[in-house]
Amino acid sequence: MPAPHPSPRPSLLGVFAHPDDESLLAGGVLAQHAASGARTGVVTATWAPDTHRAAELADALEILGSGPPRMLGFADARIPESAPARPRLCDAPIDTVVDQLVRHIRETRPDVVITHDAYGQMTGHPDHLRTHRATVIAVHAAGLEHHCPDAGAPWRPKALYLATYPHSSVGELAPLLARVGKQELSVPDDFVTAAVDVNAWLDQKWNAILAHRSEAARERSLPGILARLPAPARERIISTEYFTRLEAGPTPGALQELTV
């Protein structure tokens, strides 16, 4: 008798700043959910849809089972040619970014949204910070019927998770980042509410990272750093994904006193 197919996990939408963030930070979780039959998708805030990074993103998402790219098309803070004639994400009005994200959340109707943590993912990249802030607002706003009424019916995800790194996880990665002049911004271990072992999906995750070919060829990028490591060291770094859960919106219930 064939083994039963695993029950589908909650539908999941990742919202990340750059092509490759989805594979590095949540590639295992995306592959895990897709393998169970869950709907998964990814919104990417920067780079135009007609660039080489967009083509690489499409290849990575196909490997992870996460559908076609959904790109907001803002420019990378440090690469103006990533979206010619478009504002940098970190310069765009926050309401403009939020409203675009609300439209994607209502269209995909995910149970869970994943994005960057409040540090901007270890290195504090300004695009990561902007994406974090816009996504936190958008997850709440998507459930409000009078916010962007032309963007579809209200939808409130059940959970919002921030991809993060606890202090205890960065022992091997921190010196590698320091060698290329990048800082290490991790969080206290008790901030982490989910640590997911993704070894079963490690090949998919690594192949998705490598699909971002232009980044894997660079020495200072995280894909490039990982590509130059021995496999055992690389696998130790990418085999667990860490998340902090935030409330995704109001908790319905009877009126009560304000408490702390």
# chains A, B, ... in the order shown; residues from 1 in each chain; ligands from 1
>>> residues_around(residues="Arg156 of chain A", least_positions_apart="4", cutoff="10 Å", atoms="only C-alpha atoms", output="mmCIF file with all heavy atoms, in the first residue's frame")
data_model
loop_
_atom_site.group_PDB
_atom_site.id
_atom_site.type_symbol
_atom_site.label_atom_id
_atom_site.label_comp_id
_atom_site.auth_asym_id
_atom_site.auth_seq_id
_atom_site.Cartn_x
_atom_site.Cartn_y
_atom_site.Cartn_z
ATOM 1 N N ILE A 105 -1.482 40.164 -1.107
ATOM 2 C CA ILE A 105 -1.995 39.353 0.002
ATOM 3 C C ILE A 105 -3.446 38.972 -0.249
ATOM 4 O O ILE A 105 -3.849 37.814 -0.048
ATOM 5 C CB ILE A 105 -1.836 40.112 1.334
ATOM 6 C CG1 ILE A 105 -0.355 40.221 1.709
ATOM 7 C CG2 ILE A 105 -2.606 39.419 2.455
ATOM 8 C CD1 ILE A 105 -0.068 41.176 2.855
ATOM 9 N N ARG A 106 -4.246 39.914 -0.703
ATOM 10 C CA ARG A 106 -5.658 39.611 -0.968
ATOM 11 C C ARG A 106 -5.817 38.680 -2.163
ATOM 12 O O ARG A 106 -6.748 37.871 -2.203
ATOM 13 C CB ARG A 106 -6.426 40.914 -1.193
ATOM 14 C CG ARG A 106 -6.590 41.726 0.082
ATOM 15 C CD ARG A 106 -7.308 43.026 -0.160
ATOM 16 N NE ARG A 106 -7.502 43.760 1.086
ATOM 17 C CZ ARG A 106 -7.967 45.012 1.149
ATOM 18 N NH1 ARG A 106 -8.297 45.645 0.024
ATOM 19 N NH2 ARG A 106 -8.105 45.607 2.311
ATOM 20 N N ARG A 109 -4.269 35.175 -0.711
ATOM 21 C CA ARG A 109 -4.989 34.727 0.488
ATOM 22 C C ARG A 109 -4.193 33.677 1.298
ATOM 23 O O ARG A 109 -4.666 32.570 1.538
ATOM 24 C CB ARG A 109 -6.366 34.187 0.100
ATOM 25 C CG ARG A 109 -7.204 35.219 -0.636
ATOM 26 C CD ARG A 109 -8.482 34.643 -1.225
ATOM 27 N NE ARG A 109 -9.479 34.388 -0.205
ATOM 28 C CZ ARG A 109 -10.326 35.285 0.277
ATOM 29 N NH1 ARG A 109 -10.273 36.532 -0.147
ATOM 30 N NH2 ARG A 109 -11.203 34.961 1.193
ATOM 31 N N PRO A 110 -2.996 34.035 1.726
ATOM 32 C CA PRO A 110 -2.177 33.065 2.469
ATOM 33 C C PRO A 110 -2.617 32.931 3.921
ATOM 34 O O PRO A 110 -3.125 33.883 4.528
ATOM 35 C CB PRO A 110 -0.777 33.694 2.393
ATOM 36 C CG PRO A 110 -1.057 35.165 2.389
ATOM 37 C CD PRO A 110 -2.317 35.331 1.562
ATOM 38 N N ASP A 111 -2.400 31.754 4.474
ATOM 39 C CA ASP A 111 -2.577 31.582 5.921
ATOM 40 C C ASP A 111 -1.410 32.199 6.681
ATOM 41 O O ASP A 111 -1.577 32.710 7.789
ATOM 42 C CB ASP A 111 -2.662 30.089 6.274
ATOM 43 C CG ASP A 111 -3.854 29.418 5.632
ATOM 44 O OD1 ASP A 111 -4.972 29.948 5.763
ATOM 45 O OD2 ASP A 111 -3.665 28.372 4.981
ATOM 46 N N VAL A 112 -0.216 32.103 6.094
ATOM 47 C CA VAL A 112 1.015 32.551 6.753
ATOM 48 C C VAL A 112 1.780 33.462 5.803
ATOM 49 O O VAL A 112 1.893 33.172 4.607
ATOM 50 C CB VAL A 112 1.903 31.345 7.136
ATOM 51 C CG1 VAL A 112 3.237 31.805 7.709
ATOM 52 C CG2 VAL A 112 1.181 30.437 8.123
ATOM 53 N N ALA A 138 1.197 45.937 5.967
ATOM 54 C CA ALA A 138 0.299 45.391 4.941
ATOM 55 C C ALA A 138 -0.474 44.185 5.442
ATOM 56 O O ALA A 138 -1.653 44.009 5.090
ATOM 57 C CB ALA A 138 1.098 45.013 3.702
ATOM 58 N N VAL A 139 0.153 43.335 6.251
ATOM 59 C CA VAL A 139 -0.547 42.152 6.767
ATOM 60 C C VAL A 139 -1.755 42.575 7.600
ATOM 61 O O VAL A 139 -2.821 41.957 7.537
ATOM 62 C CB VAL A 139 0.423 41.273 7.581
ATOM 63 C CG1 VAL A 139 -0.320 40.256 8.427
ATOM 64 C CG2 VAL A 139 1.393 40.559 6.646
ATOM 65 N N HIS A 140 -1.599 43.631 8.365
ATOM 66 C CA HIS A 140 -2.728 44.152 9.134
ATOM 67 C C HIS A 140 -3.734 44.846 8.226
ATOM 68 O O HIS A 140 -4.945 44.603 8.307
ATOM 69 C CB HIS A 140 -2.221 45.112 10.210
ATOM 70 C CG HIS A 140 -3.316 45.791 10.974
ATOM 71 N ND1 HIS A 140 -4.162 45.117 11.827
ATOM 72 C CD2 HIS A 140 -3.715 47.092 10.995
ATOM 73 C CE1 HIS A 140 -5.035 45.966 12.354
ATOM 74 N NE2 HIS A 140 -4.781 47.164 11.868
ATOM 75 N N ALA A 141 -3.240 45.706 7.327
ATOM 76 C CA ALA A 141 -4.129 46.506 6.482
ATOM 77 C C ALA A 141 -4.947 45.656 5.518
ATOM 78 O O ALA A 141 -6.076 46.031 5.159
ATOM 79 C CB ALA A 141 -3.306 47.532 5.700
ATOM 80 N N ALA A 142 -4.406 44.507 5.110
ATOM 81 C CA ALA A 142 -5.122 43.662 4.146
ATOM 82 C C ALA A 142 -6.460 43.170 4.684
ATOM 83 O O ALA A 142 -7.363 42.835 3.916
ATOM 84 C CB ALA A 142 -4.250 42.469 3.750
ATOM 85 N N GLY A 143 -6.609 43.136 6.002
ATOM 86 C CA GLY A 143 -7.859 42.678 6.603
ATOM 87 C C GLY A 143 -8.875 43.775 6.852
ATOM 88 O O GLY A 143 -9.974 43.494 7.341
ATOM 89 N N LEU A 144 -8.526 45.016 6.528
ATOM 90 C CA LEU A 144 -9.418 46.146 6.780
ATOM 91 C C LEU A 144 -10.234 46.455 5.528
ATOM 92 O O LEU A 144 -9.673 46.804 4.488
ATOM 93 C CB LEU A 144 -8.601 47.370 7.198
ATOM 94 C CG LEU A 144 -7.736 47.190 8.456
ATOM 95 C CD1 LEU A 144 -6.880 48.436 8.693
ATOM 96 C CD2 LEU A 144 -8.606 46.900 9.671
ATOM 97 N N ALA A 248 -0.788 38.538 13.604
ATOM 98 C CA ALA A 248 -1.069 39.045 12.262
ATOM 99 C C ALA A 248 -2.167 40.102 12.236
ATOM 100 O O ALA A 248 -2.436 40.689 11.199
ATOM 101 C CB ALA A 248 -1.442 37.891 11.337
ATOM 102 N N GLY A 249 -2.815 40.343 13.371
ATOM 103 C CA GLY A 249 -3.896 41.323 13.392
ATOM 104 C C GLY A 249 -4.641 41.259 14.701
ATOM 105 O O GLY A 249 -4.218 40.589 15.646
ATOM 106 N N PRO A 250 -5.760 41.947 14.789
ATOM 107 C CA PRO A 250 -6.528 41.967 16.029
ATOM 108 C C PRO A 250 -7.015 40.573 16.399
ATOM 109 O O PRO A 250 -7.250 39.716 15.546
ATOM 110 C CB PRO A 250 -7.725 42.874 15.689
ATOM 111 C CG PRO A 250 -7.306 43.638 14.488
ATOM 112 C CD PRO A 250 -6.363 42.761 13.735
#
>>> select_by_dssp(residues="segment 35-150 of chain A", states="helix (DSSP H, G or I)", output="PyMOL selection string")
chain A and resi 35+52-64+80-82+94-108+126-141+149-150
>>> write_last_selection(atoms="N, CA and C atoms", output="CSV table (one decimal), in the first residue's frame")
chain,number,residue,atom,x,y,z
A,35,ALA,N,5.8,20.6,-1.1
A,35,ALA,CA,5.8,19.2,-1.2
A,35,ALA,C,4.5,18.6,-0.5
A,52,HIS,N,18.0,40.3,-15.6
A,52,HIS,CA,18.5,39.0,-15.4
A,52,HIS,C,18.2,38.4,-14.1
A,53,ARG,N,18.1,39.2,-13.0
A,53,ARG,CA,17.8,38.7,-11.7
A,53,ARG,C,16.4,38.2,-11.7
A,54,ALA,N,15.5,38.8,-12.4
A,54,ALA,CA,14.1,38.3,-12.5
A,54,ALA,C,14.1,36.9,-13.1
A,55,ALA,N,14.9,36.7,-14.2
A,55,ALA,CA,14.9,35.3,-14.8
A,55,ALA,C,15.5,34.3,-13.8
A,56,GLU,N,16.5,34.7,-13.1
A,56,GLU,CA,17.1,33.8,-12.1
A,56,GLU,C,16.1,33.5,-11.0
A,57,LEU,N,15.3,34.5,-10.6
A,57,LEU,CA,14.3,34.3,-9.6
A,57,LEU,C,13.2,33.3,-10.1
A,58,ALA,N,12.8,33.4,-11.3
A,58,ALA,CA,11.9,32.5,-11.9
A,58,ALA,C,12.4,31.0,-11.8
A,59,ASP,N,13.7,30.8,-12.1
A,59,ASP,CA,14.2,29.5,-12.0
A,59,ASP,C,14.2,29.0,-10.6
A,60,ALA,N,14.6,29.8,-9.6
A,60,ALA,CA,14.6,29.4,-8.2
A,60,ALA,C,13.2,29.1,-7.7
A,61,LEU,N,12.2,29.9,-8.1
A,61,LEU,CA,10.9,29.6,-7.6
A,61,LEU,C,10.3,28.3,-8.2
A,62,GLU,N,10.7,28.0,-9.4
A,62,GLU,CA,10.3,26.8,-10.0
A,62,GLU,C,10.8,25.6,-9.2
A,63,ILE,N,12.1,25.7,-8.8
A,63,ILE,CA,12.7,24.6,-8.1
A,63,ILE,C,12.0,24.4,-6.7
A,64,LEU,N,11.6,25.5,-6.1
A,64,LEU,CA,11.0,25.5,-4.8
A,64,LEU,C,9.5,25.2,-4.9
A,80,PRO,N,21.1,51.1,-9.1
A,80,PRO,CA,20.0,51.9,-9.8
A,80,PRO,C,19.5,51.2,-11.1
A,81,GLU,N,20.4,50.4,-11.8
A,81,GLU,CA,20.0,49.8,-13.0
A,81,GLU,C,19.1,48.6,-12.8
A,82,SER,N,18.9,48.2,-11.5
A,82,SER,CA,18.0,47.1,-11.2
A,82,SER,C,16.6,47.4,-11.6
A,94,ILE,N,6.1,54.8,1.9
A,94,ILE,CA,5.7,53.6,2.5
A,94,ILE,C,4.3,53.1,2.1
A,95,ASP,N,3.4,54.1,2.0
A,95,ASP,CA,2.0,53.8,1.6
A,95,ASP,C,1.9,53.1,0.3
A,96,THR,N,2.7,53.6,-0.7
A,96,THR,CA,2.7,53.0,-2.0
A,96,THR,C,3.1,51.5,-1.9
A,97,VAL,N,4.2,51.2,-1.2
A,97,VAL,CA,4.7,49.8,-1.0
A,97,VAL,C,3.6,49.0,-0.3
A,98,VAL,N,3.0,49.5,0.8
A,98,VAL,CA,2.0,48.8,1.5
A,98,VAL,C,0.8,48.4,0.6
A,99,ASP,N,0.4,49.4,-0.1
A,99,ASP,CA,-0.8,49.1,-1.0
A,99,ASP,C,-0.6,48.1,-2.0
A,100,GLN,N,0.6,48.0,-2.6
A,100,GLN,CA,0.9,47.0,-3.5
A,100,GLN,C,1.0,45.6,-2.8
A,101,LEU,N,1.5,45.6,-1.6
A,101,LEU,CA,1.5,44.3,-0.9
A,101,LEU,C,0.1,43.9,-0.5
A,102,VAL,N,-0.7,44.8,-0.1
A,102,VAL,CA,-2.1,44.4,0.2
A,102,VAL,C,-2.8,43.7,-0.9
A,103,ARG,N,-2.5,44.3,-2.1
A,103,ARG,CA,-3.1,43.6,-3.3
A,103,ARG,C,-2.7,42.2,-3.5
A,104,HIS,N,-1.4,41.9,-3.3
A,104,HIS,CA,-0.9,40.6,-3.4
A,104,HIS,C,-1.4,39.7,-2.3
A,105,ILE,N,-1.5,40.2,-1.1
A,105,ILE,CA,-2.0,39.4,0.0
A,105,ILE,C,-3.4,39.0,-0.2
A,106,ARG,N,-4.2,39.9,-0.7
A,106,ARG,CA,-5.7,39.6,-1.0
A,106,ARG,C,-5.8,38.7,-2.2
A,107,GLU,N,-4.9,38.8,-3.1
A,107,GLU,CA,-5.0,37.9,-4.3
A,107,GLU,C,-4.6,36.5,-4.0
A,108,THR,N,-3.6,36.3,-3.1
A,108,THR,CA,-3.1,35.0,-2.8
A,108,THR,C,-3.7,34.4,-1.6
A,126,PRO,N,19.2,48.2,3.8
A,126,PRO,CA,18.0,49.1,3.8
A,126,PRO,C,16.8,48.6,3.1
A,127,ASP,N,17.0,47.8,2.1
A,127,ASP,CA,15.8,47.2,1.4
A,127,ASP,C,15.1,46.2,2.3
A,128,HIS,N,15.9,45.4,3.0
A,128,HIS,CA,15.3,44.5,4.0
A,128,HIS,C,14.5,45.2,5.0
A,129,LEU,N,15.1,46.3,5.6
A,129,LEU,CA,14.4,47.0,6.6
A,129,LEU,C,13.0,47.6,6.0
A,130,ARG,N,13.1,48.1,4.8
A,130,ARG,CA,11.9,48.7,4.2
A,130,ARG,C,10.8,47.6,4.0
A,131,THR,N,11.3,46.5,3.5
A,131,THR,CA,10.4,45.4,3.2
A,131,THR,C,9.7,44.9,4.5
A,132,HIS,N,10.5,44.8,5.6
A,132,HIS,CA,10.0,44.3,6.9
A,132,HIS,C,8.8,45.3,7.3
A,133,ARG,N,9.2,46.6,7.3
A,133,ARG,CA,8.2,47.6,7.8
A,133,ARG,C,6.9,47.6,7.0
A,134,ALA,N,7.1,47.6,5.6
A,134,ALA,CA,5.9,47.6,4.8
A,134,ALA,C,5.0,46.3,4.9
A,135,THR,N,5.7,45.2,5.1
A,135,THR,CA,4.9,43.9,5.2
A,135,THR,C,4.2,43.8,6.5
A,136,VAL,N,4.8,44.3,7.6
A,136,VAL,CA,4.1,44.3,8.9
A,136,VAL,C,2.8,45.1,8.8
A,137,ILE,N,2.9,46.3,8.2
A,137,ILE,CA,1.7,47.1,8.0
A,137,ILE,C,0.7,46.5,7.1
A,138,ALA,N,1.2,45.9,6.0
A,138,ALA,CA,0.3,45.4,4.9
A,138,ALA,C,-0.5,44.2,5.4
A,139,VAL,N,0.2,43.3,6.3
A,139,VAL,CA,-0.5,42.2,6.8
A,139,VAL,C,-1.8,42.6,7.6
A,140,HIS,N,-1.6,43.6,8.4
A,140,HIS,CA,-2.7,44.2,9.1
A,140,HIS,C,-3.7,44.8,8.2
A,141,ALA,N,-3.2,45.7,7.3
A,141,ALA,CA,-4.1,46.5,6.5
A,141,ALA,C,-4.9,45.7,5.5
A,149,PRO,N,-10.1,49.5,-1.1
A,149,PRO,CA,-11.3,48.7,-1.5
A,149,PRO,C,-11.2,48.2,-2.9
A,150,ASP,N,-10.4,48.8,-3.8
A,150,ASP,CA,-10.3,48.3,-5.1
A,150,ASP,C,-9.2,47.2,-5.3
>>> residues_around(residues="His18 of chain A", least_positions_apart="6", cutoff="7 Å", atoms="only C-alpha atoms", output="compact mmCIF listing (two decimals) with C-alpha atoms, in the first residue's frame")
# COMPACT_ATOMS: atom_id res chain seq x y z
CA THR A 44 9.95 40.35 -4.37
CA ALA A 45 10.16 44.08 -3.76
CA THR A 46 13.11 45.07 -5.97
>>> closest_residue(among="A:His212, A:Ala233, A:Ala159, A:Gln121", to="Thr251 of chain A", atoms="only C-alpha atoms")
A:Ala159
>>> residues_around(residues="Thr193 of chain A", least_positions_apart="5", cutoff="8 Å", atoms="only C-alpha atoms", output="list in words")
Tyr242, Phe243, Thr244 and Arg245 of chain A
>>> write_last_selection(atoms="N, CA and C atoms", output="mmCIF file, in the first residue's frame")
data_model
loop_
_atom_site.group_PDB
_atom_site.id
_atom_site.type_symbol
_atom_site.label_atom_id
_atom_site.label_comp_id
_atom_site.auth_asym_id
_atom_site.auth_seq_id
_atom_site.Cartn_x
_atom_site.Cartn_y
_atom_site.Cartn_z
ATOM 1 N N TYR A 242 15.105 29.874 10.889
ATOM 2 C CA TYR A 242 14.612 30.397 12.161
ATOM 3 C C TYR A 242 13.612 31.523 11.926
ATOM 4 N N PHE A 243 12.580 31.559 12.783
ATOM 5 C CA PHE A 243 11.522 32.545 12.616
ATOM 6 C C PHE A 243 11.008 33.039 13.971
ATOM 7 N N THR A 244 10.576 34.297 13.968
ATOM 8 C CA THR A 244 9.873 34.884 15.102
ATOM 9 C C THR A 244 8.440 35.146 14.678
ATOM 10 N N ARG A 245 7.490 34.645 15.454
ATOM 11 C CA ARG A 245 6.077 34.844 15.107
ATOM 12 C C ARG A 245 5.548 36.133 15.721
#
>>> select_by_dssp(residues="segment 112-247 of chain A", states="strand (DSSP E or B)", output="MDAnalysis selection string")
chainID A and resid 112:116 122 159:164 166 185 187 194:197 240:246
>>> write_last_selection(atoms="N, CA and C atoms", output="PDB file, in the first residue's frame")
ATOM      1  N   VAL A 112      -0.216  32.103   6.094  1.00  0.00           N
ATOM      2  CA  VAL A 112       1.015  32.551   6.753  1.00  0.00           C
ATOM      3  C   VAL A 112       1.780  33.462   5.803  1.00  0.00           C
ATOM      4  N   VAL A 113       2.313  34.557   6.344  1.00  0.00           N
ATOM      5  CA  VAL A 113       3.217  35.435   5.603  1.00  0.00           C
ATOM      6  C   VAL A 113       4.573  35.410   6.300  1.00  0.00           C
ATOM      7  N   ILE A 114       5.644  35.329   5.500  1.00  0.00           N
ATOM      8  CA  ILE A 114       7.015  35.366   6.016  1.00  0.00           C
ATOM      9  C   ILE A 114       7.719  36.568   5.416  1.00  0.00           C
ATOM     10  N   THR A 115       8.471  37.295   6.241  1.00  0.00           N
ATOM     11  CA  THR A 115       9.275  38.398   5.719  1.00  0.00           C
ATOM     12  C   THR A 115      10.543  38.552   6.561  1.00  0.00           C
ATOM     13  N   HIS A 116      11.303  39.609   6.309  1.00  0.00           N
ATOM     14  CA  HIS A 116      12.533  39.886   7.052  1.00  0.00           C
ATOM     15  C   HIS A 116      12.236  40.300   8.488  1.00  0.00           C
ATOM     16  N   MET A 122      20.177  40.246   9.429  1.00  0.00           N
ATOM     17  CA  MET A 122      21.585  40.058   9.740  1.00  0.00           C
ATOM     18  C   MET A 122      22.456  41.238   9.354  1.00  0.00           C
ATOM     19  N   ALA A 159      -1.029  34.219  10.543  1.00  0.00           N
ATOM     20  CA  ALA A 159       0.243  34.393  11.234  1.00  0.00           C
ATOM     21  C   ALA A 159       1.229  35.139  10.353  1.00  0.00           C
ATOM     22  N   LEU A 160       2.102  35.871  11.009  1.00  0.00           N
ATOM     23  CA  LEU A 160       3.213  36.571  10.341  1.00  0.00           C
ATOM     24  C   LEU A 160       4.502  36.108  11.009  1.00  0.00           C
ATOM     25  N   TYR A 161       5.421  35.599  10.204  1.00  0.00           N
ATOM     26  CA  TYR A 161       6.703  35.114  10.725  1.00  0.00           C
ATOM     27  C   TYR A 161       7.844  35.946  10.138  1.00  0.00           C
ATOM     28  N   LEU A 162       8.783  36.312  11.003  1.00  0.00           N
ATOM     29  CA  LEU A 162       9.970  37.045  10.587  1.00  0.00           C
ATOM     30  C   LEU A 162      11.146  36.088  10.506  1.00  0.00           C
ATOM     31  N   ALA A 163      11.735  35.972   9.322  1.00  0.00           N
ATOM     32  CA  ALA A 163      12.940  35.149   9.176  1.00  0.00           C
ATOM     33  C   ALA A 163      14.081  35.849   9.900  1.00  0.00           C
ATOM     34  N   THR A 164      14.802  35.111  10.741  1.00  0.00           N
ATOM     35  CA  THR A 164      15.796  35.730  11.600  1.00  0.00           C
ATOM     36  C   THR A 164      16.963  34.800  11.856  1.00  0.00           C
ATOM     37  N   PRO A 166      19.162  33.611  15.355  1.00  0.00           N
ATOM     38  CA  PRO A 166      19.468  33.749  16.786  1.00  0.00           C
ATOM     39  C   PRO A 166      20.977  33.831  17.019  1.00  0.00           C
ATOM     40  N   LEU A 185      23.862  41.010  12.652  1.00  0.00           N
ATOM     41  CA  LEU A 185      22.810  41.464  13.554  1.00  0.00           C
ATOM     42  C   LEU A 185      21.873  40.292  13.839  1.00  0.00           C
ATOM     43  N   VAL A 187      19.502  37.981  16.861  1.00  0.00           N
ATOM     44  CA  VAL A 187      18.568  38.277  17.951  1.00  0.00           C
ATOM     45  C   VAL A 187      18.788  37.296  19.101  1.00  0.00           C
ATOM     46  N   ALA A 194      10.218  29.553  16.140  1.00  0.00           N
ATOM     47  CA  ALA A 194      10.207  28.360  15.281  1.00  0.00           C
ATOM     48  C   ALA A 194      11.604  28.151  14.709  1.00  0.00           C
ATOM     49  N   ALA A 195      12.127  26.946  14.871  1.00  0.00           N
ATOM     50  CA  ALA A 195      13.400  26.548  14.260  1.00  0.00           C
ATOM     51  C   ALA A 195      13.102  25.308  13.431  1.00  0.00           C
ATOM     52  N   VAL A 196      13.168  25.440  12.115  1.00  0.00           N
ATOM     53  CA  VAL A 196      12.721  24.384  11.204  1.00  0.00           C
ATOM     54  C   VAL A 196      13.927  23.663  10.610  1.00  0.00           C
ATOM     55  N   ASP A 197      14.016  22.375  10.863  1.00  0.00           N
ATOM     56  CA  ASP A 197      15.050  21.533  10.263  1.00  0.00           C
ATOM     57  C   ASP A 197      14.644  21.261   8.813  1.00  0.00           C
ATOM     58  N   THR A 240      18.951  24.817   8.917  1.00  0.00           N
ATOM     59  CA  THR A 240      17.896  25.204   9.848  1.00  0.00           C
ATOM     60  C   THR A 240      17.464  26.623   9.524  1.00  0.00           C
ATOM     61  N   GLU A 241      16.153  26.837   9.482  1.00  0.00           N
ATOM     62  CA  GLU A 241      15.605  28.171   9.251  1.00  0.00           C
ATOM     63  C   GLU A 241      14.872  28.629  10.503  1.00  0.00           C
ATOM     64  N   TYR A 242      15.105  29.874  10.889  1.00  0.00           N
ATOM     65  CA  TYR A 242      14.612  30.397  12.161  1.00  0.00           C
ATOM     66  C   TYR A 242      13.612  31.523  11.926  1.00  0.00           C
ATOM     67  N   PHE A 243      12.580  31.559  12.783  1.00  0.00           N
ATOM     68  CA  PHE A 243      11.522  32.545  12.616  1.00  0.00           C
ATOM     69  C   PHE A 243      11.008  33.039  13.971  1.00  0.00           C
ATOM     70  N   THR A 244      10.576  34.297  13.968  1.00  0.00           N
ATOM     71  CA  THR A 244       9.873  34.884  15.102  1.00  0.00           C
ATOM     72  C   THR A 244       8.440  35.146  14.678  1.00  0.00           C
ATOM     73  N   ARG A 245       7.490  34.645  15.454  1.00  0.00           N
ATOM     74  CA  ARG A 245       6.077  34.844  15.107  1.00  0.00           C
ATOM     75  C   ARG A 245       5.548  36.133  15.721  1.00  0.00           C
ATOM     76  N   LEU A 246       4.833  36.919  14.899  1.00  0.00           N
ATOM     77  CA  LEU A 246       4.113  38.087  15.367  1.00  0.00           C
ATOM     78  C   LEU A 246       2.621  37.857  15.170  1.00  0.00           C
TER      79      LEU A 246
END
>>> closest_residue(among="A:Gly171, A:Pro84, A:Pro10, A:Gly124", to="Thr51 of chain A", atoms="only C-alpha atoms")
A:Pro84
>>> decode(residues="segment 167-188 of chain A", atoms="C-alpha atoms", output="short mmCIF file (atom, residue, chain, number, x, y, z; two decimals), in the first residue's frame")
data_model
loop_
_atom_site.label_atom_id
_atom_site.label_comp_id
_atom_site.auth_asym_id
_atom_site.auth_seq_id
_atom_site.Cartn_x
_atom_site.Cartn_y
_atom_site.Cartn_z
CA HIS A 167 22.78 34.52 18.48
CA SER A 168 23.52 30.81 18.81
CA SER A 169 23.26 30.15 15.06
CA VAL A 170 25.82 32.57 13.66
CA GLY A 171 29.08 31.08 14.93
CA GLU A 172 30.31 30.00 11.49
CA LEU A 173 28.57 32.67 9.45
CA ALA A 174 29.60 35.81 11.36
CA PRO A 175 33.34 35.64 10.55
CA LEU A 176 32.57 34.93 6.89
CA LEU A 177 30.46 38.09 6.73
CA ALA A 178 33.08 40.09 8.61
CA ARG A 179 35.72 39.19 6.01
CA VAL A 180 33.69 40.97 3.34
CA GLY A 181 32.90 43.96 5.54
CA LYS A 182 29.37 43.00 6.56
CA GLN A 183 27.94 43.23 10.04
CA GLU A 184 26.14 40.51 11.97
CA LEU A 185 22.81 41.46 13.55
CA SER A 186 21.29 38.46 15.30
CA VAL A 187 18.57 38.28 17.95
CA PRO A 188 18.44 36.70 21.42
#
